[in-house]
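This report refers to the structure that appears directly beneath it.
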Amino acid sequence: MSLLDIRVPAVVLRVDRNPFHHGTLGAVRSLGRAGVEVHVVADSTGSPVSQSRFLHRLHTPPPLGASPGQIADVLLRVAAQIRTPAVLIPMDDASAIAVGRTGGTLAPCFLLPAVSGELPERLADKGELAALCASVGVPHPVTLVPDSPAQAVAAAVRLGLPAVAKWSRPWLLPAGSGLRSTTVVTSARQARELYARAEDAGSPLLLQQRLPPGPGRDWFFHGYADRSGAVRAGGVGQKRRAWPPGAGLTAVGHWTPNPKVRALAERFTCELGYRGVLDIDFRQCGTTGRYHLLDFNPRPGAQFRLFSDTGGLDVVRALHLDLTHRPLPRAAPRAGRAFVVENYAPFAALRPAPGGRELAWHAPDDPAPGRAMRALWCRHVAHRLRQRLRPAPVAPAPAGPDPRRTTSASTDDEKASSS
């Protein structure tokens with residue numbers, strides 16, 4: 001018998017257009033295996049998520065660049081089709097921010113954590129996050145906000161190169177702009193050029209002290225802050241491999257208890273009064289040994305299924321249990337467990353895993369998404385290779401003098417120009 005109230009469906013929301021977002025599939029499987037009816041509001045028609053046997057129904061997502069109000073309108077139409085209050089689970093920052101802003105409108109139709117409407121946005125905003133860390137005394141890399149090209153250069157020099165450039169609100173980056181949410185800046189000129197694109201990015205540029213990566217320095221914490229503010233479920237993980245290397249998502253992670261990281265994460269969450277699912281990234285300074293908070297995601301991280309304990313509890317199930325007023329069971333953590341994203345770390349998926357392992361895409365009880373991912377990934381890689389191998393367009397040669405022009409005509413031109 002399921003511990004979850006299977007009479008209450010769940011709606012998984014994602015507004016970005018990434019077909020390889022394995023966290024969405026993790027949420028569908030986690031709740032679907034427990035008998036919950038799972039709806040997905042996302043652009044997943046071409047994604048492996050649509051192939052999961054645990055997906056009840058796929059709904060049309062909001063348009064690209066939709067406002068929080070437009071996102072809420074889509075959710076209310078979905079709620080009218082479901083006809084019963086559902087647990088709502090945003091899976092990206094833009095979704096979490098939209099739900100935070102429109103919670104009062106959505107509350108009659110959805111079960112939501114009691115979090116301040118502006119807090120998710122402040123936590124996701126890289127500039128606001130630096131100020132919040134300072135307000136509660138949690139270490140954070142030195143962060144400067146230039147307001148001119150010259151200040152961007154001065155900030156890069158002051159911080160020391162290489163430095164890290166971040167857009168304050170990365171969820172506003174337009175598709176096709178070529179801008180990345182985070183860039184390692186290696187020259188003053190690069191800092192100036194990035195600053196010049198702030199209007200394209202839709203938010204201010206931040207320059208941040210770079211804490212060099214290294215073995216054992218990258219950590220993350222996933223948890224669920226319940227109605228009382230206690231942080232439940234989840235755990236501390238160590239990022240063993242990232243994609244892209246050094247600054248990307250977790251391609252290989254291990255459940256590695258670390259009391260210092262947990263204490264920092266819980267103190268930060270509790271002092272701010274945050275409620276709901278959270279995903280925090282830390283990096284340890286190689287010089288001082290201090291752990292610096294780098295990012296706070298006010299929603300489940302893509303690798304949240306790493307922290308599934310011996311009772312099957314993860315942060316998404318904790319959310320559903322708490323919002324339906326069911327007790328959260330206590331079970332033993334599975335330290336040493338691994339999580340591998342096969343398309344980013346294929347060889348790691350084949351190595352022995354004595355502590356146990358969960359794959360992002362393949363699952364014996366739900367094999368279709370794994371097959372679909374492999375086919376889609378092969379097409380994606382082939383397309384990228386074709387783009388790289390395509391010869392650059394050759395510029396047309398400059399036009400030479402018209403052979404039909406006579407000497408006398410040239411002479412007349414010269415006379416006209418000299419007169």
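Every chain in the structure tokens has a letter given in the order shown (A, B, ...), and although residue numbers restart at 1 in each chain, ligands are simply numbered from 1 in the order shown.
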Just the residues within 9 Å of Arg326 in chain A, please, counting only C-alpha atoms, with nothing from its chain fewer than 5 positions along; format it as a PyMOL selection string. chain A and resi 3-5+320-321
Find the residues of range 248-302 of chain A that sit at most 9 Å from range 346-362 of chain A; for each, write down the nearest two atoms and how far apart they are in Å, to one decimal. Count only C-alpha atoms. Sort by chain, then by number going up, and give it as a Markdown table.
```
| residue | atom | partner | partner_atom | distance |
| --- | --- | --- | --- | --- |
| A:Val252 | CA | A:Ala348 | CA | 7.5 |
| A:His254 | CA | A:Arg357 | CA | 8.9 |
| A:Ala302 | CA | A:Ala360 | CA | 8.9 |
```
Output N, CA, C and O atoms for every residue in that selection, as a PDB file, in the first residue's frame.
```pdb
ATOM      1  N   VAL A 252      27.879  12.877 -13.015  1.00  0.00           N
ATOM      2  CA  VAL A 252      28.091  11.772 -12.076  1.00  0.00           C
ATOM      3  C   VAL A 252      28.132  12.365 -10.672  1.00  0.00           C
ATOM      4  O   VAL A 252      28.927  13.263 -10.395  1.00  0.00           O
ATOM      5  N   HIS A 254      27.697  11.394  -6.273  1.00  0.00           N
ATOM      6  CA  HIS A 254      27.691  10.360  -5.234  1.00  0.00           C
ATOM      7  C   HIS A 254      27.112  10.926  -3.947  1.00  0.00           C
ATOM      8  O   HIS A 254      27.426  12.047  -3.550  1.00  0.00           O
ATOM      9  N   ALA A 302      17.975  18.358 -10.979  1.00  0.00           N
ATOM     10  CA  ALA A 302      17.769  17.284 -11.953  1.00  0.00           C
ATOM     11  C   ALA A 302      18.191  15.921 -11.423  1.00  0.00           C
ATOM     12  O   ALA A 302      17.646  14.893 -11.828  1.00  0.00           O
TER      13      ALA A 302
END
```
For Val28 in chain A, which residue out of A:Ala94, A:Asn297, A:Val341, A:Arg305 is the nearest one, using only C-alpha atoms? A:Arg305
Please extract the residues of range 187-384 of chain A with a backbone DSSP assignment of strand (DSSP E) and present them as a VMD selection string. chain A and resid 205 to 208 218 to 225 231 to 243 249 to 255 276 to 284 291 to 297 338 to 340 357 to 359
Using only C-alpha atoms, which of A:Asp322, A:Val236, A:Val41, A:Ser95 sits nearest Arg77 in chain A?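 Smallest distance to Arg77 in chain A is found for A:Val41.
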Could you give me, as a PDB file with C-alpha atoms, in the first residue's frame, the residues within 10 Å of Arg374 in chain A, counting only C-alpha atoms and dropping anything in the same chain fewer than 2 positions from it?
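File produced: selection-v7.pdb:
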```
ATOM      1  CA  PRO A  48      11.913  10.728 -23.870  1.00  0.00           C
ATOM      2  CA  GLU A 342      24.200   8.250 -19.395  1.00  0.00           C
ATOM      3  CA  ASN A 343      24.335  10.663 -22.340  1.00  0.00           C
ATOM      4  CA  TRP A 361      17.227   7.530 -18.278  1.00  0.00           C
ATOM      5  CA  HIS A 362      17.310   3.747 -18.180  1.00  0.00           C
ATOM      6  CA  PRO A 369      12.492   6.558 -22.187  1.00  0.00           C
ATOM      7  CA  GLY A 370      16.011   5.111 -22.214  1.00  0.00           C
ATOM      8  CA  ARG A 371      15.577   3.812 -25.755  1.00  0.00           C
ATOM      9  CA  ALA A 372      14.073   7.112 -26.866  1.00  0.00           C
ATOM     10  CA  LEU A 376      17.355  11.324 -29.797  1.00  0.00           C
ATOM     11  CA  TRP A 377      20.903  11.800 -28.478  1.00  0.00           C
ATOM     12  CA  CYS A 378      22.415  10.168 -31.567  1.00  0.00           C
ATOM     13  CA  ARG A 379      20.467  12.547 -33.796  1.00  0.00           C
ATOM     14  CA  HIS A 380      21.527  15.482 -31.617  1.00  0.00           C
TER      15      HIS A 380
END
```
Could you give me the residues within range 315-354 of chain A that DSSP places in helix (DSSP H, G or I), as a PyMOL selection string? chain A and resi 315-323
Hey, can you check how far CA of Ser44 in chain A sits from CA of Lys126 in chain A? 28.1 Å
What's the 9 Å shell around Ser116 in chain A, counting only C-alpha atoms, without same-chain residues fewer than 3 positions away, as a list in words?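 The filter keeps Gly100, Arg101, Leu119, Pro120, Gly273, Tyr274 and Arg275 of chain A.
Between Gly104 in chain A and the candidates A:Ala72, A:Ala175, A:Val142, A:Val164, the tightest atom-to-atom separation, counting only C-alpha atoms, involves A:Ala72.
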Could you check which of A:Pro146, A:Gly35, A:Pro300, A:Pro61 is closest to Leu205 in chain A, using only C-alpha atoms? A:Pro146
Excluding same-chain residues fewer than 6 positions from Asp314 in chain A, what lies within 6 Å of it counting only C-alpha atoms, as a PyMOL selection string? chain A and resi 233+307-308
